[in-house]
Amino acid sequence: MDIRHDSAAQRFETEEDGQVARLDYERGSDGAITITHTIVPDALGGRGIGSALVRAAWDWTREMGAPLHSTCSFATVWLKRNA
């Protein structure tokens, strides 16, 4: 799976079967990253794409040393289980 980070749009995204799945985030003035939405089309559900997007965001924030927060219910549960 090819996950791209579009820092200008503040998102991670991937395309599968002609459909785009994405994770949106916001960068706070303190440097913290907040995941706001994880959007995976129904046709792509159950393939682990949402998890891969959250992992990519988590890995990126760890590399930067930035705090990571979430207001997205999917990402919040994933982070509690895996981070």
# chains A, B, ... in the order shown; residues from 1 in each chain; ligands from 1
>>> residues_around(residues="A:Gln19", least_positions_apart="3", cutoff="12 Å", atoms="only C-alpha atoms", output="ChimeraX atom specification")
/A:13-16,22,39-45,49
>>> write_last_selection(atoms="N, CA and C atoms", output="PDB file, in the first residue's frame")
ATOM      1  N   GLU A  13      -2.856   9.898   2.583  1.00  0.00           N
ATOM      2  CA  GLU A  13      -3.855   9.295   1.722  1.00  0.00           C
ATOM      3  C   GLU A  13      -3.276   8.141   0.918  1.00  0.00           C
ATOM      4  N   THR A  14      -4.167   7.287   0.479  1.00  0.00           N
ATOM      5  CA  THR A  14      -3.800   6.186  -0.389  1.00  0.00           C
ATOM      6  C   THR A  14      -4.954   5.934  -1.337  1.00  0.00           C
ATOM      7  N   GLU A  15      -4.636   5.372  -2.480  1.00  0.00           N
ATOM      8  CA  GLU A  15      -5.667   5.046  -3.456  1.00  0.00           C
ATOM      9  C   GLU A  15      -5.653   3.543  -3.701  1.00  0.00           C
ATOM     10  N   GLU A  16      -6.827   2.951  -3.620  1.00  0.00           N
ATOM     11  CA  GLU A  16      -7.006   1.523  -3.880  1.00  0.00           C
ATOM     12  C   GLU A  16      -8.243   1.363  -4.756  1.00  0.00           C
ATOM     13  N   ARG A  22      -8.337   8.497   3.279  1.00  0.00           N
ATOM     14  CA  ARG A  22      -7.447   9.525   3.818  1.00  0.00           C
ATOM     15  C   ARG A  22      -7.604   9.680   5.323  1.00  0.00           C
ATOM     16  N   ILE A  39     -11.046   8.596   6.856  1.00  0.00           N
ATOM     17  CA  ILE A  39     -12.137   8.324   5.930  1.00  0.00           C
ATOM     18  C   ILE A  39     -11.720   7.214   4.971  1.00  0.00           C
ATOM     19  N   VAL A  40     -12.420   6.097   5.068  1.00  0.00           N
ATOM     20  CA  VAL A  40     -12.186   4.957   4.188  1.00  0.00           C
ATOM     21  C   VAL A  40     -13.528   4.626   3.531  1.00  0.00           C
ATOM     22  N   PRO A  41     -13.601   4.699   2.199  1.00  0.00           N
ATOM     23  CA  PRO A  41     -14.858   4.350   1.530  1.00  0.00           C
ATOM     24  C   PRO A  41     -15.317   2.935   1.901  1.00  0.00           C
ATOM     25  N   ASP A  42     -16.623   2.732   1.984  1.00  0.00           N
ATOM     26  CA  ASP A  42     -17.176   1.434   2.373  1.00  0.00           C
ATOM     27  C   ASP A  42     -16.615   0.295   1.527  1.00  0.00           C
ATOM     28  N   ALA A  43     -16.424   0.538   0.238  1.00  0.00           N
ATOM     29  CA  ALA A  43     -15.926  -0.509  -0.664  1.00  0.00           C
ATOM     30  C   ALA A  43     -14.519  -0.969  -0.292  1.00  0.00           C
ATOM     31  N   LEU A  44     -13.795  -0.158   0.466  1.00  0.00           N
ATOM     32  CA  LEU A  44     -12.426  -0.504   0.869  1.00  0.00           C
ATOM     33  C   LEU A  44     -12.345  -0.990   2.308  1.00  0.00           C
ATOM     34  N   GLY A  45     -13.463  -1.036   2.975  1.00  0.00           N
ATOM     35  CA  GLY A  45     -13.481  -1.427   4.374  1.00  0.00           C
ATOM     36  C   GLY A  45     -12.984  -2.848   4.603  1.00  0.00           C
ATOM     37  N   ILE A  49      -6.877  -0.552   5.796  1.00  0.00           N
ATOM     38  CA  ILE A  49      -6.415   0.728   5.250  1.00  0.00           C
ATOM     39  C   ILE A  49      -6.465   1.826   6.301  1.00  0.00           C
TER      40      ILE A  49
END
>>> select_by_dssp(residues="chain A", states="alpha helix (DSSP H)", output="NGL selection string")
:A and (49-64 or 73-82)
>>> write_last_selection(atoms="N, CA and C atoms", output="short mmCIF file (atom, residue, chain, number, x, y, z; two decimals), in the first residue's frame")
data_model
loop_
_atom_site.label_atom_id
_atom_site.label_comp_id
_atom_site.auth_asym_id
_atom_site.auth_seq_id
_atom_site.Cartn_x
_atom_site.Cartn_y
_atom_site.Cartn_z
N ILE A 49 -6.88 -0.55 5.80
CA ILE A 49 -6.41 0.73 5.25
C ILE A 49 -6.46 1.83 6.30
N GLY A 50 -7.53 1.89 7.07
CA GLY A 50 -7.62 2.90 8.13
C GLY A 50 -6.48 2.74 9.13
N SER A 51 -6.21 1.51 9.50
CA SER A 51 -5.10 1.24 10.44
C SER A 51 -3.77 1.67 9.86
N ALA A 52 -3.56 1.40 8.58
CA ALA A 52 -2.30 1.79 7.93
C ALA A 52 -2.15 3.31 7.90
N LEU A 53 -3.24 4.02 7.69
CA LEU A 53 -3.18 5.48 7.68
C LEU A 53 -2.83 6.02 9.08
N VAL A 54 -3.46 5.48 10.11
CA VAL A 54 -3.17 5.95 11.47
C VAL A 54 -1.72 5.61 11.83
N ARG A 55 -1.27 4.42 11.45
CA ARG A 55 0.12 4.05 11.74
C ARG A 55 1.09 5.01 11.05
N ALA A 56 0.80 5.38 9.82
CA ALA A 56 1.68 6.31 9.10
C ALA A 56 1.75 7.66 9.83
N ALA A 57 0.61 8.14 10.30
CA ALA A 57 0.59 9.41 11.04
C ALA A 57 1.34 9.26 12.36
N TRP A 58 1.14 8.16 13.04
CA TRP A 58 1.81 7.91 14.32
C TRP A 58 3.33 7.84 14.13
N ASP A 59 3.76 7.09 13.11
CA ASP A 59 5.20 6.99 12.83
C ASP A 59 5.79 8.36 12.52
N TRP A 60 5.09 9.15 11.74
CA TRP A 60 5.58 10.48 11.36
C TRP A 60 5.73 11.38 12.58
N THR A 61 4.72 11.38 13.47
CA THR A 61 4.82 12.24 14.65
C THR A 61 5.93 11.77 15.59
N ARG A 62 6.12 10.47 15.68
CA ARG A 62 7.21 9.95 16.52
C ARG A 62 8.57 10.39 15.96
N GLU A 63 8.72 10.35 14.64
CA GLU A 63 9.99 10.80 14.01
C GLU A 63 10.25 12.27 14.31
N MET A 64 9.19 13.08 14.34
CA MET A 64 9.33 14.51 14.60
C MET A 64 9.42 14.82 16.09
N SER A 73 -12.78 9.03 16.27
CA SER A 73 -13.04 7.86 17.10
C SER A 73 -12.24 6.64 16.65
N PHE A 74 -12.13 6.41 15.35
CA PHE A 74 -11.36 5.25 14.86
C PHE A 74 -9.90 5.38 15.28
N ALA A 75 -9.30 6.54 15.03
CA ALA A 75 -7.88 6.74 15.36
C ALA A 75 -7.66 6.67 16.87
N THR A 76 -8.58 7.18 17.65
CA THR A 76 -8.44 7.14 19.11
C THR A 76 -8.38 5.71 19.60
N VAL A 77 -9.27 4.86 19.11
CA VAL A 77 -9.27 3.45 19.51
C VAL A 77 -8.00 2.77 19.03
N TRP A 78 -7.58 3.03 17.80
CA TRP A 78 -6.36 2.41 17.28
C TRP A 78 -5.15 2.80 18.13
N LEU A 79 -5.05 4.06 18.46
CA LEU A 79 -3.90 4.52 19.25
C LEU A 79 -3.91 3.90 20.65
N LYS A 80 -5.09 3.77 21.26
CA LYS A 80 -5.15 3.14 22.59
C LYS A 80 -4.69 1.69 22.54
N ARG A 81 -4.98 1.02 21.45
CA ARG A 81 -4.62 -0.40 21.33
C ARG A 81 -3.18 -0.62 20.88
N ASN A 82 -2.64 0.30 20.13
CA ASN A 82 -1.36 0.05 19.46
C ASN A 82 -0.22 0.98 19.83
#
>>> atom_distance(atom1="atom CA of A:Leu23", atom2="atom CA of A:Gly48")
13.2 Å
>>> atom_distance(atom1="atom CA of A:Ala8", atom2="atom CA of A:Thr38")
17.3 Å
>>> atom_distance(atom1="atom CA of A:Met1", atom2="atom CA of A:Gly31")
27.9 Å
